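Participant: CSV, C-alpha atoms and all ligand atoms, saved as start_27.csv, coming up:
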chain,number,residue,atom,x,y,z
A,1,MET,CA,122.9,81.8,92.1
A,2,GLU,CA,120.5,82.9,94.7
A,3,SER,CA,117.9,83.2,92.0
A,4,ASP,CA,117.8,79.4,91.8
A,5,TRP,CA,114.7,78.7,93.8
A,6,THR,CA,115.3,75.0,93.8
A,7,ARG,CA,118.3,75.5,96.1
A,8,GLU,CA,116.2,76.4,99.0
A,9,GLN,CA,114.3,73.1,99.1
A,10,PRO,CA,115.5,70.9,101.9
A,11,ASN,CA,113.8,70.7,105.2
A,12,ARG,CA,111.2,73.4,104.7
A,13,GLY,CA,107.9,72.7,106.3
A,14,ARG,CA,106.2,72.5,102.9
A,15,THR,CA,107.1,70.6,99.9
A,16,TYR,CA,106.6,71.7,96.4
A,17,SER,CA,108.3,70.8,93.2
A,18,CYS,CA,110.1,73.8,92.1
A,19,LYS,CA,111.1,72.0,89.1
A,20,GLU,CA,107.7,72.6,87.6
A,21,LEU,CA,106.3,75.3,89.8
A,22,GLY,CA,107.6,78.6,90.8
A,23,PRO,CA,107.8,79.5,94.5
A,24,TRP,CA,104.5,81.3,94.3
A,25,ALA,CA,102.6,78.2,93.3
A,26,LEU,CA,101.5,77.5,96.9
A,27,PHE,CA,102.1,81.0,98.2
A,28,ASN,CA,99.2,82.5,100.0
A,29,ILE,CA,99.5,86.0,101.1
A,30,LYS,CA,96.9,85.8,103.9
A,31,GLU,CA,98.6,82.9,105.6
A,32,ASP,CA,102.1,83.4,104.6
A,33,VAL,CA,102.9,86.9,105.6
A,34,THR,CA,104.8,86.7,108.8
A,35,GLY,CA,105.0,90.4,109.4
A,36,HIS,CA,105.6,93.8,107.9
A,37,THR,CA,107.8,96.6,109.0
A,38,GLN,CA,108.5,100.1,107.8
A,39,VAL,CA,112.2,99.9,107.2
A,40,LYS,CA,114.8,102.4,108.4
A,41,SER,CA,115.9,105.0,105.8
A,42,SER,CA,119.3,103.4,105.6
A,43,VAL,CA,117.7,100.1,104.7
A,44,GLN,CA,115.5,101.8,102.3
A,45,ARG,CA,118.5,103.5,100.6
A,46,ALA,CA,120.2,100.1,100.3
A,47,ILE,CA,117.2,98.4,98.7
A,48,ARG,CA,116.8,101.3,96.3
A,49,ALA,CA,120.5,101.1,95.4
A,50,LYS,CA,120.3,97.4,94.8
A,51,ILE,CA,117.3,97.8,92.5
A,52,LEU,CA,119.1,100.6,90.6
A,53,GLU,CA,122.2,98.5,90.3
A,54,GLN,CA,120.2,95.6,89.0
A,55,TYR,CA,118.1,97.4,86.4
A,56,LYS,CA,120.3,100.3,85.6
A,57,GLU,CA,119.0,102.0,82.5
A,58,GLY,CA,115.7,100.1,82.7
A,59,ILE,CA,114.8,102.1,85.8
A,60,GLU,CA,117.0,105.1,86.1
A,61,GLY,CA,114.6,107.5,84.6
A,62,ILE,CA,111.6,106.3,86.6
A,63,ILE,CA,113.1,105.3,90.0
A,64,ASP,CA,111.9,108.5,91.7
A,65,ASP,CA,108.3,107.9,90.4
A,66,VAL,CA,108.4,104.2,91.3
A,67,MET,CA,110.0,104.6,94.7
A,68,PRO,CA,109.7,108.2,95.9
A,69,LYS,CA,112.5,109.0,98.3
A,70,LYS,CA,110.1,110.4,100.8
A,71,ALA,CA,107.5,107.7,100.9
A,72,PRO,CA,107.8,105.0,103.6
A,73,LEU,CA,108.9,101.7,102.4
A,74,ILE,CA,107.3,98.6,103.9
A,75,LEU,CA,109.0,95.3,103.9
A,76,MET,CA,106.7,92.4,104.1
A,77,LYS,CA,108.3,89.2,105.1
A,78,CYS,CA,106.7,85.9,104.1
A,79,HIS,CA,107.4,82.3,104.6
A,80,GLU,CA,110.0,80.7,102.4
A,81,HIS,CA,112.1,83.8,102.7
A,82,ILE,CA,110.1,85.8,100.3
A,83,ASN,CA,110.2,89.5,100.8
A,84,LEU,CA,107.7,92.0,99.3
A,85,ILE,CA,108.7,95.6,98.8
A,86,VAL,CA,105.5,97.7,99.4
A,87,MET,CA,105.0,101.4,98.9
A,88,ASN,CA,101.6,103.2,99.1
A,89,ASN,CA,99.9,99.9,99.5
A,90,GLU,CA,101.3,98.6,96.3
A,91,VAL,CA,103.7,95.7,96.0
A,92,LEU,CA,106.5,96.9,93.7
A,93,PHE,CA,109.1,94.3,94.0
A,94,PHE,CA,109.7,90.9,95.5
A,95,ASN,CA,112.7,88.7,96.1
A,96,HIS,CA,113.8,85.5,97.6
A,97,PHE,CA,116.3,85.6,100.4
A,98,ASP,CA,118.7,88.3,99.3
A,99,GLY,CA,118.4,87.3,95.6
A,100,PRO,CA,117.6,89.7,92.8
A,101,TYR,CA,114.5,91.9,93.0
A,102,PHE,CA,111.7,91.1,90.6
A,103,PRO,CA,109.2,93.8,89.6
A,104,THR,CA,105.6,92.8,90.1
A,105,LEU,CA,103.4,92.6,87.0
A,106,LYS,CA,101.4,95.6,88.0
A,107,LEU,CA,104.5,97.7,88.1
A,108,LEU,CA,105.7,96.2,84.8
A,109,HIS,CA,102.4,97.0,83.2
A,110,LYS,CA,103.0,100.7,84.1
A,111,TYR,CA,106.6,100.6,82.9
A,112,PRO,CA,107.0,97.8,80.4
A,113,ASN,CA,110.5,98.9,79.4
A,114,MET,CA,112.0,98.0,82.7
A,115,LEU,CA,112.9,94.5,81.6
A,116,PRO,CA,113.9,92.8,78.4
A,117,ARG,CA,110.9,91.1,76.9
A,118,LEU,CA,110.6,87.6,75.4
A,119,GLN,CA,107.3,86.5,73.8
A,120,VAL,CA,105.8,83.0,74.2
A,121,ASP,CA,103.4,81.6,71.6
A,122,ARG,CA,99.7,81.6,72.3
A,123,GLY,CA,99.7,77.9,73.3
A,124,ALA,CA,102.0,78.6,76.2
A,125,ILE,CA,99.8,81.2,77.9
A,126,LYS,CA,97.5,78.8,79.7
A,127,PHE,CA,100.5,76.8,81.1
A,128,VAL,CA,102.3,79.9,82.2
A,129,MET,CA,99.1,81.1,83.9
A,130,ALA,CA,99.0,77.8,85.7
A,131,GLY,CA,102.5,78.4,87.1
A,132,ALA,CA,104.5,76.3,84.7
A,133,ASN,CA,108.0,77.3,83.8
A,134,ILE,CA,108.6,78.2,80.2
A,135,MET,CA,110.1,75.5,78.0
A,136,CYS,CA,112.4,76.5,75.2
A,137,PRO,CA,110.0,75.5,72.3
A,138,GLY,CA,107.4,78.0,73.7
A,139,LEU,CA,110.0,80.7,73.0
A,140,THR,CA,111.2,79.5,69.6
A,141,SER,CA,108.0,78.5,67.9
A,142,LYS,CA,106.3,80.5,65.2
A,143,GLY,CA,104.2,82.7,67.5
A,144,ALA,CA,107.1,83.3,69.8
A,145,ARG,CA,109.6,86.1,69.6
A,146,MET,CA,113.0,86.8,71.1
A,147,ASP,CA,114.2,90.1,69.7
A,148,VAL,CA,116.7,90.7,72.5
A,149,SER,CA,119.8,88.8,73.4
A,150,VAL,CA,119.9,88.0,77.1
A,151,PRO,CA,122.4,86.0,79.2
A,152,ALA,CA,121.4,83.2,81.6
A,153,ASP,CA,120.1,84.1,85.1
A,154,ALA,CA,118.6,87.4,83.8
A,155,VAL,CA,115.3,88.7,85.0
A,156,VAL,CA,113.0,89.0,82.0
A,157,ALA,CA,109.4,89.9,81.2
A,158,ILE,CA,107.3,87.4,79.3
A,159,THR,CA,104.8,88.7,76.8
A,160,ALA,CA,102.5,86.6,74.7
A,161,GLU,CA,101.5,86.2,71.1
A,162,GLY,CA,98.6,88.4,70.2
A,163,LYS,CA,98.6,90.2,73.6
A,164,ASN,CA,99.8,93.6,74.5
A,165,GLU,CA,100.4,93.2,78.2
A,166,ILE,CA,103.1,91.3,80.0
A,167,LEU,CA,102.1,87.9,81.2
A,168,ALA,CA,104.8,86.9,83.6
A,169,VAL,CA,108.2,87.6,84.9
A,170,GLY,CA,111.0,85.1,85.5
A,171,THR,CA,114.6,84.2,85.2
A,172,THR,CA,116.4,82.8,82.2
A,173,LYS,CA,117.8,79.4,82.9
A,174,MET,CA,120.0,79.7,79.8
A,175,SER,CA,121.0,82.5,77.4
A,176,THR,CA,118.6,83.4,74.6
A,177,ASP,CA,121.2,82.0,72.2
A,178,ASP,CA,121.1,78.7,74.0
A,179,ILE,CA,117.4,78.7,74.1
A,180,LYS,CA,117.4,78.9,70.3
A,181,ARG,CA,120.3,76.4,69.9
A,182,ILE,CA,119.3,73.8,72.5
A,183,ASN,CA,115.6,74.3,72.2
A,184,LYS,CA,114.5,71.9,74.9
A,185,ASN,CA,114.2,72.0,78.7
A,186,ILE,CA,113.3,75.0,80.8
A,187,GLY,CA,114.2,78.3,79.1
A,188,VAL,CA,112.7,80.7,81.7
A,189,GLU,CA,111.8,79.9,85.2
A,190,THR,CA,108.5,81.6,86.0
A,191,ALA,CA,108.5,83.7,89.2
A,192,HIS,CA,105.3,85.6,89.0
A,193,TYR,CA,102.4,85.3,86.5
A,194,LEU,CA,99.0,86.7,85.9
A,195,ASN,CA,96.4,85.4,88.4
A,196,ASP,CA,98.9,83.9,90.8
A,197,TYR,CA,98.6,84.8,94.5
A,198,LEU,CA,100.9,87.7,94.3
A,199,TRP,CA,98.8,89.1,91.4
A,200,LYS,CA,95.6,88.8,93.6
A,201,THR,CA,97.3,90.3,96.6
A,202,VAL,CA,95.7,93.4,97.8
A,203,VAL,CA,97.8,95.1,100.4
A,204,ASP,CA,96.1,97.4,102.9
A,205,ILE,CA,98.3,98.4,105.7
B,1,MET,CA,124.8,102.5,77.2
B,2,ASP,CA,124.0,106.2,77.1
B,3,SER,CA,121.7,107.2,74.4
B,4,PRO,CA,122.2,110.8,73.4
B,5,ASP,CA,118.7,111.0,72.2
B,6,ALA,CA,116.9,110.1,75.4
B,7,PRO,CA,117.5,113.0,77.6
B,8,SER,CA,117.0,112.1,81.2
B,9,SER,CA,114.7,115.1,81.7
B,10,GLU,CA,112.2,113.3,79.5
B,11,HIS,CA,109.6,112.1,81.8
B,12,VAL,CA,108.4,108.5,81.4
B,13,LYS,CA,104.8,108.5,82.4
B,14,PRO,CA,103.4,105.3,83.8
B,15,ARG,CA,101.0,103.5,81.4
B,16,GLU,CA,97.5,103.0,82.6
B,17,VAL,CA,96.4,99.5,82.0
B,18,PRO,CA,92.8,98.8,82.5
B,19,TYR,CA,92.0,95.7,84.4
B,20,CYS,CA,88.9,93.5,84.2
B,21,GLY,CA,86.5,94.6,86.9
B,22,PHE,CA,85.4,91.0,87.4
B,23,CYS,CA,88.6,88.9,87.4
B,24,SER,CA,91.3,91.6,87.7
B,25,LEU,CA,93.3,90.4,84.7
B,26,PRO,CA,94.0,92.6,81.7
B,27,PRO,CA,90.8,92.0,79.7
B,28,GLU,CA,92.7,90.4,76.9
B,29,TYR,CA,93.7,87.6,79.3
B,30,CYS,CA,90.1,87.0,80.6
B,31,GLU,CA,89.8,84.2,78.0
B,32,PHE,CA,92.4,82.3,80.0
B,33,GLY,CA,90.7,82.9,83.4
B,34,PRO,CA,87.9,80.9,84.9
B,35,THR,CA,85.2,83.4,84.6
B,36,LEU,CA,85.1,84.4,80.9
B,37,ASP,CA,81.3,84.8,80.7
B,38,LYS,CA,81.1,87.1,83.7
B,39,CYS,CA,84.1,89.0,82.4
B,40,LYS,CA,82.5,89.5,79.1
B,41,GLN,CA,79.4,90.9,80.8
B,42,TRP,CA,81.4,93.3,82.7
B,43,LEU,CA,83.4,94.5,79.7
B,44,SER,CA,80.4,94.9,77.5
B,45,LYS,CA,79.0,97.3,80.1
B,46,ASN,CA,82.2,99.1,80.9
B,47,ASP,CA,84.3,99.3,77.8
B,48,LYS,CA,82.3,98.7,74.7
B,49,VAL,CA,85.2,99.6,72.4
B,50,LEU,CA,87.6,97.1,73.9
B,51,TYR,CA,84.8,94.6,74.1
B,52,ALA,CA,84.2,94.9,70.3
B,53,ILE,CA,87.9,94.5,69.6
B,54,LEU,CA,88.4,91.6,71.9
B,55,TYR,CA,85.4,89.5,71.1
B,56,ASN,CA,84.8,90.6,67.5
B,57,THR,CA,81.2,91.4,68.2
B,58,LEU,CA,80.9,93.8,65.2
B,59,ASP,CA,79.9,90.8,63.2
B,60,ASP,CA,77.4,89.7,65.8
B,61,GLN,CA,75.8,93.1,66.0
B,62,LEU,CA,75.4,93.3,62.2
B,63,ALA,CA,73.9,89.8,62.2
B,64,ALA,CA,71.4,90.8,65.0
B,65,ALA,CA,70.5,94.0,63.1
B,66,SER,CA,69.8,92.2,59.9
B,67,LEU,CA,67.2,90.1,61.6
B,68,ASN,CA,64.7,92.9,61.9
B,69,GLU,CA,65.1,95.2,58.9
B,70,THR,CA,63.0,96.4,56.0
B,71,PRO,CA,63.9,96.8,52.3
B,72,GLU,CA,64.7,100.4,52.8
B,73,ASP,CA,67.1,99.5,55.5
B,74,ASP,CA,68.7,97.2,53.0
B,75,LYS,CA,69.2,99.9,50.5
B,76,LYS,CA,70.7,102.2,53.1
B,77,LYS,CA,72.9,99.4,54.2
B,78,ALA,CA,74.1,98.7,50.7
B,79,LYS,CA,74.9,102.3,50.3
B,80,GLU,CA,76.8,102.4,53.5
B,81,ALA,CA,78.6,99.3,52.7
B,82,ALA,CA,79.7,100.8,49.4
B,83,LYS,CA,80.9,103.9,51.2
B,84,ILE,CA,82.8,101.8,53.7
B,85,GLU,CA,84.3,99.8,50.8
B,86,LYS,CA,85.5,103.0,49.1
B,87,GLN,CA,87.0,104.3,52.3
B,88,MET,CA,88.7,101.0,52.8
B,89,GLN,CA,90.2,101.1,49.3
B,90,LYS,CA,91.4,104.5,49.9
B,91,LYS,CA,92.9,103.4,53.2
B,92,MET,CA,94.6,100.5,51.6
B,93,GLN,CA,96.4,102.8,49.2
B,94,SER,CA,97.6,105.4,51.7
B,95,LYS,CA,101.1,105.1,52.9
B,96,VAL,CA,102.7,105.4,56.3
B,97,LEU,CA,106.1,106.9,56.1
B,98,ILE,CA,108.7,106.3,58.8
B,99,LYS,CA,111.6,108.7,58.3
B,100,ARG,CA,114.9,108.7,60.0
B,101,ILE,CA,116.1,112.3,60.1
B,102,GLU,CA,119.6,113.2,61.2
B,103,ARG,CA,119.7,116.2,63.4
B,104,THR,CA,123.4,116.2,64.2
B,105,LYS,CA,126.0,113.6,63.5
B,106,ARG,CA,125.0,111.5,66.4
B,107,LYS,CA,121.5,112.6,67.1
B,108,CYS,CA,118.5,111.8,65.0
B,109,VAL,CA,114.7,111.7,65.3
B,110,THR,CA,112.2,109.4,63.7
B,111,SER,CA,109.2,110.9,62.1
B,112,VAL,CA,106.0,108.9,61.4
B,113,PHE,CA,103.6,110.3,58.9
B,114,GLY,CA,100.3,109.0,57.6
B,115,LEU,CA,99.0,106.9,60.4
B,116,GLU,CA,95.9,109.1,60.6
B,117,ASN,CA,94.8,107.6,57.2
B,118,PHE,CA,94.2,104.4,59.2
B,119,ASP,CA,92.1,106.1,61.8
B,120,VAL,CA,94.9,106.0,64.4
B,121,ASP,CA,94.7,108.5,67.1
B,122,LEU,CA,98.0,110.3,66.7
B,123,LYS,CA,98.2,111.6,70.2
B,124,LYS,CA,97.6,108.1,71.6
B,125,ALA,CA,100.2,106.7,69.1
B,126,ALA,CA,102.7,109.3,70.2
B,127,LYS,CA,102.1,108.3,73.8
B,128,LEU,CA,102.5,104.7,73.0
B,129,PHE,CA,105.8,105.3,71.2
B,130,ALA,CA,107.0,107.4,74.2
B,131,ASN,CA,106.1,104.6,76.5
B,132,LYS,CA,107.5,101.7,74.4
B,133,PHE,CA,110.8,103.4,73.7
B,134,ALA,CA,111.1,105.5,76.9
B,135,CYS,CA,111.8,108.6,74.9
B,136,GLY,CA,110.3,111.8,73.8
B,137,SER,CA,107.5,111.6,71.3
B,138,SER,CA,105.1,114.3,70.2
B,139,VAL,CA,102.6,115.2,67.5
B,140,THR,CA,103.7,118.2,65.4
B,141,LYS,CA,102.6,119.9,62.2
B,142,ASN,CA,105.2,119.6,59.5
B,143,ASN,CA,105.8,122.3,57.0
B,144,GLN,CA,103.0,121.1,54.7
B,145,GLY,CA,100.6,121.6,57.6
B,146,ASN,CA,100.0,117.9,58.1
B,147,ASP,CA,100.3,116.2,61.4
B,148,GLU,CA,103.2,113.9,62.1
B,149,ILE,CA,104.6,112.1,65.1
B,150,VAL,CA,108.2,112.9,65.9
B,151,VAL,CA,110.1,110.5,68.2
B,152,GLN,CA,113.5,111.2,69.7
B,153,GLY,CA,116.1,108.7,68.6
B,154,ASP,CA,116.5,106.2,65.8
B,155,VAL,CA,113.7,103.8,66.4
B,156,SER,CA,112.5,103.3,62.8
B,157,ASP,CA,112.7,99.6,62.8
B,158,GLU,CA,111.0,99.3,66.2
B,159,ILE,CA,108.2,101.6,65.1
B,160,PHE,CA,107.8,99.5,62.0
B,161,ASP,CA,107.2,96.4,64.1
B,162,LEU,CA,105.1,98.2,66.6
B,163,ILE,CA,102.8,99.6,64.0
B,164,LEU,CA,102.3,96.1,62.5
B,165,GLU,CA,101.7,94.7,65.9
B,166,HIS,CA,99.4,97.4,67.2
B,167,TRP,CA,97.4,98.4,64.2
B,168,PRO,CA,97.0,95.3,62.1
B,169,ILE,CA,94.8,97.3,59.8
B,170,VAL,CA,98.0,98.9,58.3
B,171,PRO,CA,99.3,96.6,55.6
B,172,GLU,CA,103.0,95.9,55.8
B,173,ASP,CA,103.5,96.9,52.2
B,174,ASN,CA,102.1,100.4,52.9
B,175,ILE,CA,104.8,101.3,55.4
B,176,ASP,CA,107.9,102.9,53.9
B,177,LEU,CA,111.1,103.4,55.7
B,178,ILE,CA,113.2,106.4,54.6
B,179,GLU,CA,116.5,107.7,55.7
B,180,ASP,CA,117.2,111.4,55.5
B,181,LYS,CA,120.9,112.0,55.9
B,182,LYS,CA,122.2,115.5,56.1
B,183,LYS,CA,125.2,114.7,54.0
B,184,GLY,CA,126.4,111.6,52.4
B,185,LYS,CA,129.0,110.0,54.6
A,301,ZN,ZN,88.1,89.1,83.4
How does the structure come out when it is put into structure tokens?

Facilitator:
Amino acid sequence: MESDWTREQPNRGRTYSCKELGPWALFNIKEDVTGHTQVKSSVQRAIRAKILEQYKEGIEGIIDDVMPKKAPLILMKCHEHINLIVMNNEVLFFNHFDGPYFPTLKLLHKYPNMLPRLQVDRGAIKFVMAGANIMCPGLTSKGARMDVSVPADAVVAITAEGKNEILAVGTTKMSTDDIKRINKNIGVETAHYLNDYLWKTVVDI
Amino acid sequence: MDSPDAPSSEHVKPREVPYCGFCSLPPEYCEFGPTLDKCKQWLSKNDKVLYAILYNTLDDQLAAASLNETPEDDKKKAKEAAKIEKQMQKKMQSKVLIKRIERTKRKCVTSVFGLENFDVDLKKAAKLFANKFACGSSVTKNNQGNDEIVVQGDVSDEIFDLILEHWPIVPEDNIDLIEDKKKGK
């Protein structure tokens, strides 16, 4: 799967342990953006189609609001093959190589129904906000909730016990059934979390 | 899956999430950021209601007020407390009804009745439901002339959970789920 960030490890200029930290852990928008371009309308259509395909009913009703057809789409390319999809100076989605698109947290806060949501317990919040992946017990303990059934390699939103807003977005490393059954190791690989570099990114083109 | 109750013409409006003016996080997460003191200062100036909710300062304010008060104030306070107590008791007895109403064989709506007894802003609640379930939701007067929230689709269980989560003041036992079928099937 392309969503597996660990695959892209060898011979990059930088080293970071993707086992514990997401690709954003050392990402710095100021240094790492290598360029931005307004894409051709054909590319814009393709990106839009891919996002629609990926999120289907989660985004169908809102796609025209999220990505107005007329508005120019800016593709910001960053090191480590990270791409940001920017419209109206807002980062809407990001992906790695040509992997799946993740919505940014700011977009998710506006449209929380885009993704299935899993809830971590309160104890997990500070680890997630430090960039840690989410271990299964953080999703199965008393304060956690998994009300939806999701397969492995799915993009999910992470909420937290006692909080209203979404805390992080990531990819399931195993199905929710397996998270419950196995209950150890990484359940969700964190891609983007509150207070990471992407969160703090202010785009002004 | 195509839900017959969520017509695509129904417009999902983006939620507006306030962010902390100091650290940029949603204020409920400031406690996990590095600048909690400054965040609190900012919030206490800019959103007193949220501040009171997040940091439970109602108790603090009462404590501060009790430091400089006279016997008359005391009496007044006792009266007020009794009044609040009564209101609370009344509240604790009022019910919230979540009703599943079949419109046609496949379509149904969920009506929520009685939330106003718990000082819930019905318009805001309707908006919240619309956002959470990506469906139509509105406040209407029922035939008794009372306000109720009508949500498109069968979301009774979800609303039950959402009410518990969002308005902890509503006791679980006070929420009743009812099904209103047109004909027995
Ligand atoms: Zn803050």

Participant: For ligand ZN 301 (chain A), return the neighbouring residues as a PDB file with C-alpha atoms, in the frame of the given file (distance at most 10 Å; all atoms listed in the file).

Facilitator:
ATOM      1  CA  TYR B  19      92.000  95.700  84.400  1.00  0.00           C
ATOM      2  CA  CYS B  20      88.900  93.500  84.200  1.00  0.00           C
ATOM      3  CA  GLY B  21      86.500  94.600  86.900  1.00  0.00           C
ATOM      4  CA  PHE B  22      85.400  91.000  87.400  1.00  0.00           C
ATOM      5  CA  CYS B  23      88.600  88.900  87.400  1.00  0.00           C
ATOM      6  CA  SER B  24      91.300  91.600  87.700  1.00  0.00           C
ATOM      7  CA  LEU B  25      93.300  90.400  84.700  1.00  0.00           C
ATOM      8  CA  PRO B  26      94.000  92.600  81.700  1.00  0.00           C
ATOM      9  CA  PRO B  27      90.800  92.000  79.700  1.00  0.00           C
ATOM     10  CA  GLU B  28      92.700  90.400  76.900  1.00  0.00           C
ATOM     11  CA  TYR B  29      93.700  87.600  79.300  1.00  0.00           C
ATOM     12  CA  CYS B  30      90.100  87.000  80.600  1.00  0.00           C
ATOM     13  CA  GLU B  31      89.800  84.200  78.000  1.00  0.00           C
ATOM     14  CA  PHE B  32      92.400  82.300  80.000  1.00  0.00           C
ATOM     15  CA  GLY B  33      90.700  82.900  83.400  1.00  0.00           C
ATOM     16  CA  PRO B  34      87.900  80.900  84.900  1.00  0.00           C
ATOM     17  CA  THR B  35      85.200  83.400  84.600  1.00  0.00           C
ATOM     18  CA  LEU B  36      85.100  84.400  80.900  1.00  0.00           C
ATOM     19  CA  ASP B  37      81.300  84.800  80.700  1.00  0.00           C
ATOM     20  CA  LYS B  38      81.100  87.100  83.700  1.00  0.00           C
ATOM     21  CA  CYS B  39      84.100  89.000  82.400  1.00  0.00           C
ATOM     22  CA  LYS B  40      82.500  89.500  79.100  1.00  0.00           C
ATOM     23  CA  GLN B  41      79.400  90.900  80.800  1.00  0.00           C
ATOM     24  CA  TRP B  42      81.400  93.300  82.700  1.00  0.00           C
ATOM     25  CA  LEU B  43      83.400  94.500  79.700  1.00  0.00           C
TER      26      LEU B  43
END

Participant: Tell me the residues of chain A close to chain B, meaning within 8 Å using only C-alpha atoms, as JSON, numbers by chain.

Facilitator: {"A": [57, 61, 62, 109, 110, 111, 112, 113, 125, 126, 129, 163, 165, 194, 195, 200]}

Participant: Could you state the separation of CA of Pro100 (chain A) and CA of Ala191 (chain A) in Å, given to one decimal place?

Facilitator: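 Straight-line distance from CA of Pro100 (chain A) to CA of Ala191 (chain A) works out to 11.5 Å.
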
Participant: Within 7 Å of Gly170 (chain A), counting all atoms listed in the file, which residues qualify if same-chain residues fewer than 4 places away don't, as a ChimeraX atom specification?

Facilitator: /A:155-157,188-192

Participant: Env of Ser137 (chain B): 6 Å cut, atoms = only C-alpha atoms, seq-sep filter 3 positions within chain, self excluded. Answer as a list in words.

Facilitator: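 Residues near the query, excluding close chain neighbours: Ala126, Ala130, Val150 and Val151 of chain B.
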
Participant: Using all atoms listed in the file, what residues lie at most 10 Å away from (107.8, 99.7, 101.0) (file coordinates), given as a ChimeraX atom specification?

Facilitator: /A:36-39,44,47,67,71-76,84-93

Participant: Please compute the CA of Arg106 (chain B)-CA of Asn174 (chain B) distance, one decimal, in Å.

Facilitator: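 The value is 28.8 Å.
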
Participant: Do you have the CA of Ala78 (chain B)-CA of Gln93 (chain B) distance handy?

Facilitator: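 These atoms are spaced 22.7 Å apart.
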
Participant: Using all atoms listed in the file - which residues lie no farther than 10 Å from the point (92.7, 103.8, 64.1) in the file's frame? Write them as a list in words.

Facilitator: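 Residues found, by chain and rising number: Leu115, Glu116, Asn117, Phe118, Asp119, Val120, Asp121, Leu122, Lys124, Ala125, His166, Trp167, Pro168, Ile169 and Val170 of chain B.
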